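As stored in input.txt (compact mmCIF, C-alpha atoms):
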# COMPACT_ATOMS: atom_id res chain seq x y z
CA MET A 1 -11.10 -12.00 7.21
CA ASP A 2 -14.22 -9.85 7.65
CA THR A 3 -14.62 -8.46 4.13
CA LEU A 4 -16.85 -5.55 5.13
CA GLN A 5 -14.39 -4.46 7.84
CA LEU A 6 -11.55 -4.60 5.31
CA ILE A 7 -13.52 -2.52 2.80
CA GLN A 8 -14.42 0.01 5.50
CA ALA A 9 -10.76 0.28 6.52
CA LEU A 10 -9.54 0.71 2.92
CA VAL A 11 -12.14 3.40 2.23
CA GLU A 12 -10.94 5.21 5.35
CA VAL A 13 -7.20 5.14 4.64
CA LYS A 14 -7.63 5.89 0.94
CA LYS A 15 -10.11 8.69 1.72
CA ALA A 16 -12.14 7.20 -1.10
CA ASN A 17 -15.07 9.10 -2.58
CA VAL A 18 -18.04 6.88 -1.77
CA SER A 19 -20.18 8.25 -4.60
CA ALA A 20 -17.46 7.60 -7.17
CA LEU A 21 -16.78 4.16 -5.70
CA ALA A 22 -20.47 3.20 -5.91
CA ARG A 23 -20.66 4.44 -9.50
CA ASP A 24 -17.53 2.55 -10.54
CA VAL A 25 -18.86 -0.78 -9.25
CA GLY A 26 -22.47 -0.25 -10.32
CA TYR A 27 -23.98 -0.20 -6.83
CA GLU A 28 -26.44 2.21 -5.24
CA ARG A 29 -24.62 4.99 -3.41
CA ALA A 30 -27.15 5.01 -0.55
CA ASN A 31 -26.78 1.26 -0.03
CA LEU A 32 -22.98 1.44 -0.08
CA GLY A 33 -23.01 4.34 2.36
CA ALA A 34 -25.29 2.42 4.70
CA ALA A 35 -23.04 -0.66 4.54
CA LEU A 36 -19.91 1.38 5.25
CA ALA A 37 -21.71 2.92 8.22
CA GLY A 38 -22.54 -0.57 9.52
CA ARG A 39 -26.31 -0.27 8.94
CA ARG A 40 -26.61 -3.06 6.36
CA ASN A 41 -24.65 -5.94 4.86
CA LEU A 42 -22.90 -5.89 1.52
CA PRO A 43 -23.94 -8.53 -1.04
CA ASP A 44 -21.13 -11.03 -1.58
CA ALA A 45 -21.33 -10.42 -5.33
CA ILE A 46 -20.27 -6.77 -5.03
CA CYS A 47 -17.30 -7.28 -2.67
CA PRO A 48 -14.65 -8.38 -5.24
CA ALA A 49 -15.38 -5.32 -7.41
CA LEU A 50 -15.17 -2.99 -4.40
CA LEU A 51 -11.90 -4.54 -3.24
CA LYS A 52 -10.43 -4.23 -6.73
CA GLU A 53 -11.31 -0.54 -6.88
CA LEU A 54 -9.65 -0.14 -3.48
CA GLY A 55 -6.46 -1.87 -4.61
CA VAL A 56 -6.94 -5.48 -3.54
CA GLU A 57 -7.09 -8.39 -5.97
CA HIS A 58 -7.22 -12.12 -5.17
CA GLY A 59 -6.56 -11.44 -1.49
CA HIS A 60 -3.39 -9.38 -2.10
CA LEU A 61 -2.57 -5.73 -2.51
CA ALA A 62 -2.28 -4.99 -6.22
CA LEU A 63 1.36 -5.13 -7.31
CA ASP A 64 1.13 -2.59 -10.14
CA ARG A 65 1.01 0.55 -8.00
CA VAL A 66 2.18 2.33 -4.87
CA HIS A 67 -0.72 2.33 -2.43
CA PHE A 68 -1.10 5.78 -0.86
CA TRP A 69 -2.92 5.84 2.47
CA LYS A 70 -3.61 8.58 5.01
CA VAL A 71 -3.69 7.50 8.63
CA GLY A 72 -4.66 9.80 11.48
CA SER A 73 -4.38 9.27 15.21
CA ASP A 74 -6.63 6.18 15.07
CA LEU A 75 -4.61 3.17 13.91
CA ARG A 76 -7.57 0.77 13.85
CA PRO A 77 -8.16 0.93 10.07
CA LEU A 78 -4.48 0.24 9.42
CA LEU A 79 -4.54 -2.68 11.86
CA VAL A 80 -7.53 -4.24 10.09
CA ILE A 81 -5.66 -3.99 6.78
CA ALA A 82 -2.41 -5.31 8.21
CA ARG A 83 -4.04 -8.37 9.75
CA ALA A 84 -5.80 -9.18 6.49
CA LEU A 85 -3.19 -8.30 3.87
CA PHE A 86 0.32 -8.19 5.37
CA VAL A 87 0.91 -11.85 4.52
CA GLU A 88 4.62 -11.78 5.32
CA GLU A 89 6.91 -9.54 7.35
CA LEU A 90 7.35 -6.19 5.61
CA GLU A 91 9.93 -3.48 6.16
CA ILE A 92 8.95 0.01 7.24
CA ALA A 93 11.05 3.15 6.84
CA GLY A 94 10.45 6.74 7.87
CA ILE A 95 10.94 9.33 5.12
CA TRP A 96 12.35 12.85 5.53
CA ARG A 97 13.05 15.70 3.19
CA GLU A 98 16.75 16.44 2.90
CA GLY A 99 17.74 19.21 5.29
CA GLY A 100 20.12 20.38 7.95
CA GLY A 101 19.24 17.82 10.57
CA VAL A 102 16.52 16.64 12.92
CA TRP A 103 15.63 20.22 13.88
CA ASP A 104 15.61 21.69 10.38
CA PRO A 105 12.67 24.17 10.53
CA THR A 106 11.27 23.11 7.16
CA ARG A 107 11.32 19.49 8.21
CA LEU A 108 9.49 20.28 11.44
CA LEU A 109 6.47 21.43 9.42
CA ASP A 110 6.29 18.17 7.44
CA ARG A 111 3.81 15.48 8.33
CA SER A 112 5.15 12.01 9.08
CA LEU A 113 5.66 9.87 5.99
CA TYR A 114 6.37 6.14 5.97
CA ALA A 115 7.14 3.55 3.31
CA ILE A 116 6.11 -0.07 3.88
CA TYR A 117 7.47 -2.54 1.37
CA GLY A 118 8.27 -6.15 0.51
CA ARG A 119 7.76 -8.57 -2.34
CA TRP A 120 4.00 -8.26 -2.04
CA ALA A 121 3.51 -4.61 -1.17
CA ARG A 122 4.43 -1.01 -1.97
CA ILE A 123 2.70 1.31 0.49
CA LEU A 124 3.19 4.98 1.30
CA ILE A 125 1.53 6.24 4.49
CA LEU A 126 0.99 9.90 5.37
CA ARG A 127 0.07 10.61 8.98
CA SER A 128 -2.66 13.20 9.15
CA GLY A 129 -4.65 15.03 11.79
CA LEU A 130 -3.90 17.59 14.50
CA VAL A 131 -3.28 15.00 17.23
CA THR A 132 -0.66 13.34 15.03
CA ALA A 133 1.02 16.69 14.30
CA LEU A 134 1.24 17.47 18.01
CA GLY A 135 2.83 14.11 18.79
CA GLY A 136 -0.08 12.58 20.69
CA ALA A 137 -0.74 9.67 18.34
CA THR A 138 0.50 6.10 18.66
CA PRO A 139 3.54 5.79 16.34
CA ILE A 140 3.35 3.45 13.36
CA GLY A 141 5.93 0.68 13.66
CA PRO A 142 6.54 -2.93 14.66
CA ASP A 143 5.32 -2.27 18.20
CA SER A 144 1.90 -1.14 17.00
CA VAL A 145 1.30 -2.87 13.64
CA PRO A 146 1.75 -6.63 13.05
CA ASN A 147 4.21 -8.09 10.52
CA LEU A 148 6.47 -5.03 10.34
CA GLN A 149 10.18 -4.66 10.97
CA TRP A 150 12.21 -1.46 10.84
CA ARG A 151 14.50 -0.87 7.89
CA GLY A 152 18.00 -1.56 9.16
CA GLY A 153 16.64 -3.28 12.27
CA SER A 154 15.83 -0.17 14.32
CA VAL A 155 14.25 3.24 14.12
CA GLY A 156 16.48 6.31 14.00
CA ALA A 157 17.98 9.06 11.89
CA SER A 158 20.53 6.70 10.33
CA THR A 159 17.85 4.43 8.84
CA MET A 160 15.50 7.17 7.60
CA ILE A 161 15.11 7.70 3.86
CA LYS A 162 16.04 11.25 2.86
CA LEU A 163 14.46 12.70 -0.29
CA PRO A 164 15.22 15.97 -2.12
CA ALA A 165 12.59 18.61 -1.39
CA GLY A 166 10.83 18.29 -4.75
CA ALA A 167 10.60 14.51 -4.52
CA PHE A 168 9.44 14.66 -0.90
CA ASP A 169 6.65 17.07 -1.82
CA ARG A 170 5.50 14.68 -4.57
CA TRP A 171 5.62 11.66 -2.28
CA GLN A 172 3.51 13.51 0.32
CA LYS A 173 0.82 13.71 -2.37
CA GLY A 174 1.22 10.04 -3.31
CA GLU A 175 2.83 10.97 -6.63
CA VAL A 176 5.39 8.19 -6.96
CA THR A 177 5.73 5.39 -9.51
CA PRO A 178 6.51 1.80 -8.56
CA ASP A 179 9.93 2.10 -10.27
CA GLU A 180 10.86 5.23 -8.30
CA PHE A 181 9.62 3.67 -5.08
CA ASP A 182 11.74 0.59 -5.69
CA ARG A 183 14.86 2.59 -6.55
CA VAL A 184 14.61 4.70 -3.41
CA LEU A 185 13.81 1.84 -1.06
CA ARG A 186 16.07 -0.67 -2.86
CA LYS A 187 13.09 -2.98 -2.56
CA LYS A 188 13.66 -6.65 -3.31
CA THR A 189 11.45 -7.39 -6.29
CA ARG A 190 12.93 -10.69 -7.44
CA TYR A 191 10.33 -13.44 -7.31
CA SER A 192 11.22 -17.09 -7.06
CA TRP A 193 9.56 -19.58 -9.41
CA GLU A 194 7.64 -20.85 -6.40
CA ASP A 195 6.36 -17.30 -5.78
CA VAL A 196 5.24 -17.06 -9.42
CA ARG A 197 3.52 -20.44 -9.27
CA SER A 198 1.68 -19.53 -6.05
CA LEU A 199 0.62 -16.17 -7.43
CA ALA A 200 -0.67 -17.74 -10.65
CA GLU A 201 -2.66 -20.33 -8.71
CA GLU A 202 -4.21 -17.70 -6.44
CA CYS A 203 -5.21 -15.62 -9.48
CA GLY A 204 -6.67 -18.64 -11.26
CA ILE A 205 -4.10 -18.52 -14.08
CA VAL A 206 -3.31 -21.96 -15.50
CA SER A 207 0.19 -23.05 -16.53
CA ASP A 208 -0.76 -23.12 -20.24
CA ALA A 209 -1.62 -19.41 -20.08
CA VAL A 210 1.73 -18.59 -18.45
CA ALA A 211 3.60 -20.61 -21.08
CA ALA A 212 1.66 -18.92 -23.90
CA TRP A 213 2.55 -15.47 -22.55
CA ILE A 214 6.25 -16.38 -22.29
CA LEU A 215 6.25 -17.67 -25.86
CA SER A 216 4.52 -14.51 -27.08
CA GLN A 217 7.24 -12.36 -25.48
CA GLU A 218 9.92 -14.49 -27.07
CA LYS A 219 8.31 -14.01 -30.50
CA LYS A 220 8.25 -10.23 -30.00
CA ARG A 221 11.99 -10.22 -29.28
CA SER A 222 12.72 -12.24 -32.40
CA TYR A 223 11.17 -9.64 -34.72
As a first step, turn the structure in this file into structure tokens.
Amino acid sequence: MDTLQLIQALVEVKKANVSALARDVGYERANLGAALAGRRNLPDAICPALLKELGVEHGHLALDRVHFWKVGSDLRPLLVIARALFVEELEIAGIWREGGGVWDPTRLLDRSLYAIYGRWARILILRSGLVTALGGATPIGPDSVPNLQWRGGSVGASTMIKLPAGAFDRWQKGEVTPDEFDRVLRKKTRYSWEDVRSLAEECGIVSDAVAAWILSQEKKRSY
């Protein structure tokens, strides 16, 4: 994985404020801007902090949030992210506001919204840009992005997620909690013990620490 390319792609899809990002990680804004523009390298020491601010920890998308990305007609940033971070096949579903049908006039004004989800990811993607709105952009889906499969096995009106207008408007702004995302997508969130062990090892958490946490929760319940 090219770490700089991944950081560049995440900054692009998150529409991250470079000045704020530099401030949060304690790095010179001019140097970060130059690195993102491909004019200099990033020091290895600063990369983990940048990735964490952009939602990536220990080589995985952070599991405590819904990642909200904006993707225009150019899919290259999304492809960089997918190749680096989509570690298993994820489901993708298109999202509509509830309405009268495919040709509902309100729905026609909406930008395309997609949910990508699995055990290791909660992602909401808003397509943006004039070319996308006019239908000239490459669609997001299994044919264009690796490690994706359509919800229900195929794309179509019957497998779209339909949200009430108020909820749809919130989701278009990225205003959705992990719990709401999971309820709507019926996302499988059950982890096997093997998943937990692998995740702990990747995060550098030893078994004694896991056992201590479990015992602390048990004590809380006993009070």
query: Any idea what the distance is between atom CA of A:Gly99 and atom CA of A:Trp171?
result: 16.2 Å
- prompt: Quick one: of A:Arg151, A:Arg127, A:Arg83, A:Arg29, who's nearest to A:Val71, counting only C-alpha atoms?
  reply: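 Once distances to A:Val71 are computed over only C-alpha atoms, the minimum belongs to A:Arg127.
Reported to one decimal place, the separation of atom CA of A:Asn41 from atom CA of A:Val145 is 27.6 Å.
Take the candidates A:Gln217, A:Gln172, A:Thr138, A:Asn31 and check each one against A:Arg97 using only C-alpha atoms; the shortest distance goes to A:Gln172.
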field: Distance of atom CA of A:Pro139 from atom CA of A:Val80, expressed in Å to one decimal place
entry: 16.2 Å
message: Need the shell around A:Cys47: protein/DNA/RNA residues with any atom at most 10 Å away, counting all atoms listed in the file. Skip same-chain ones fewer than 5 positions apart. Format as a VMD selection string?
response: chain A and resid 3 to 4 7 25 42 52 to 53
task: Give the answer as one residue: which of A:Ser216, A:Ser112, A:Ser128, A:Gln149 has the shortest atom-to-atom distance to A:Asp74, using all atoms listed in the file?
output: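 For A:Asp74, the nearest of the given residues is A:Ser128.
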Please list as a compact mmCIF listing (two decimals) with C-alpha atoms, keeping the file's coordinate frame every residue within 8 Å of stretch 154-162 of chain A, counting all atoms listed in the file and excluding residues in the same chain fewer than 5 positions away.
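Full text of around.txt as output:
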# COMPACT_ATOMS: atom_id res chain seq x y z
CA ALA A 93 11.05 3.15 6.84
CA GLY A 94 10.45 6.74 7.87
CA ILE A 95 10.94 9.33 5.12
CA TRP A 96 12.35 12.85 5.53
CA ARG A 97 13.05 15.70 3.19
CA GLU A 98 16.75 16.44 2.90
CA VAL A 102 16.52 16.64 12.92
CA GLN A 149 10.18 -4.66 10.97
CA VAL A 184 14.61 4.70 -3.41
CA LEU A 185 13.81 1.84 -1.06
- request: Considering only C-alpha atoms, state which residue in the set A:Ala62, A:Ala9, A:Ile46, A:Ala211 is at the smallest distance from A:Ala22.
  value: A:Ile46
field: Residue among A:Leu124, A:Gly118, A:Pro146, A:Gln8 lying closest to A:Ala37, counting only C-alpha atoms
entry: A:Gln8
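Nearest residue to A:Ile92 among A:Trp193, A:Trp69, A:Trp150, A:Trp120 is A:Trp150, counting only C-alpha atoms.
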Adding 6 Å on each side of the box along x, y and z that holds all listed atoms of stretch 80-96 of chain A, could you give its centre and edge lengths in Å to one decimal, as JSON?
{"center_x": 2.4, "center_y": 0.5, "center_z": 7.0, "size_x": 31.9, "size_y": 36.7, "size_z": 18.2}
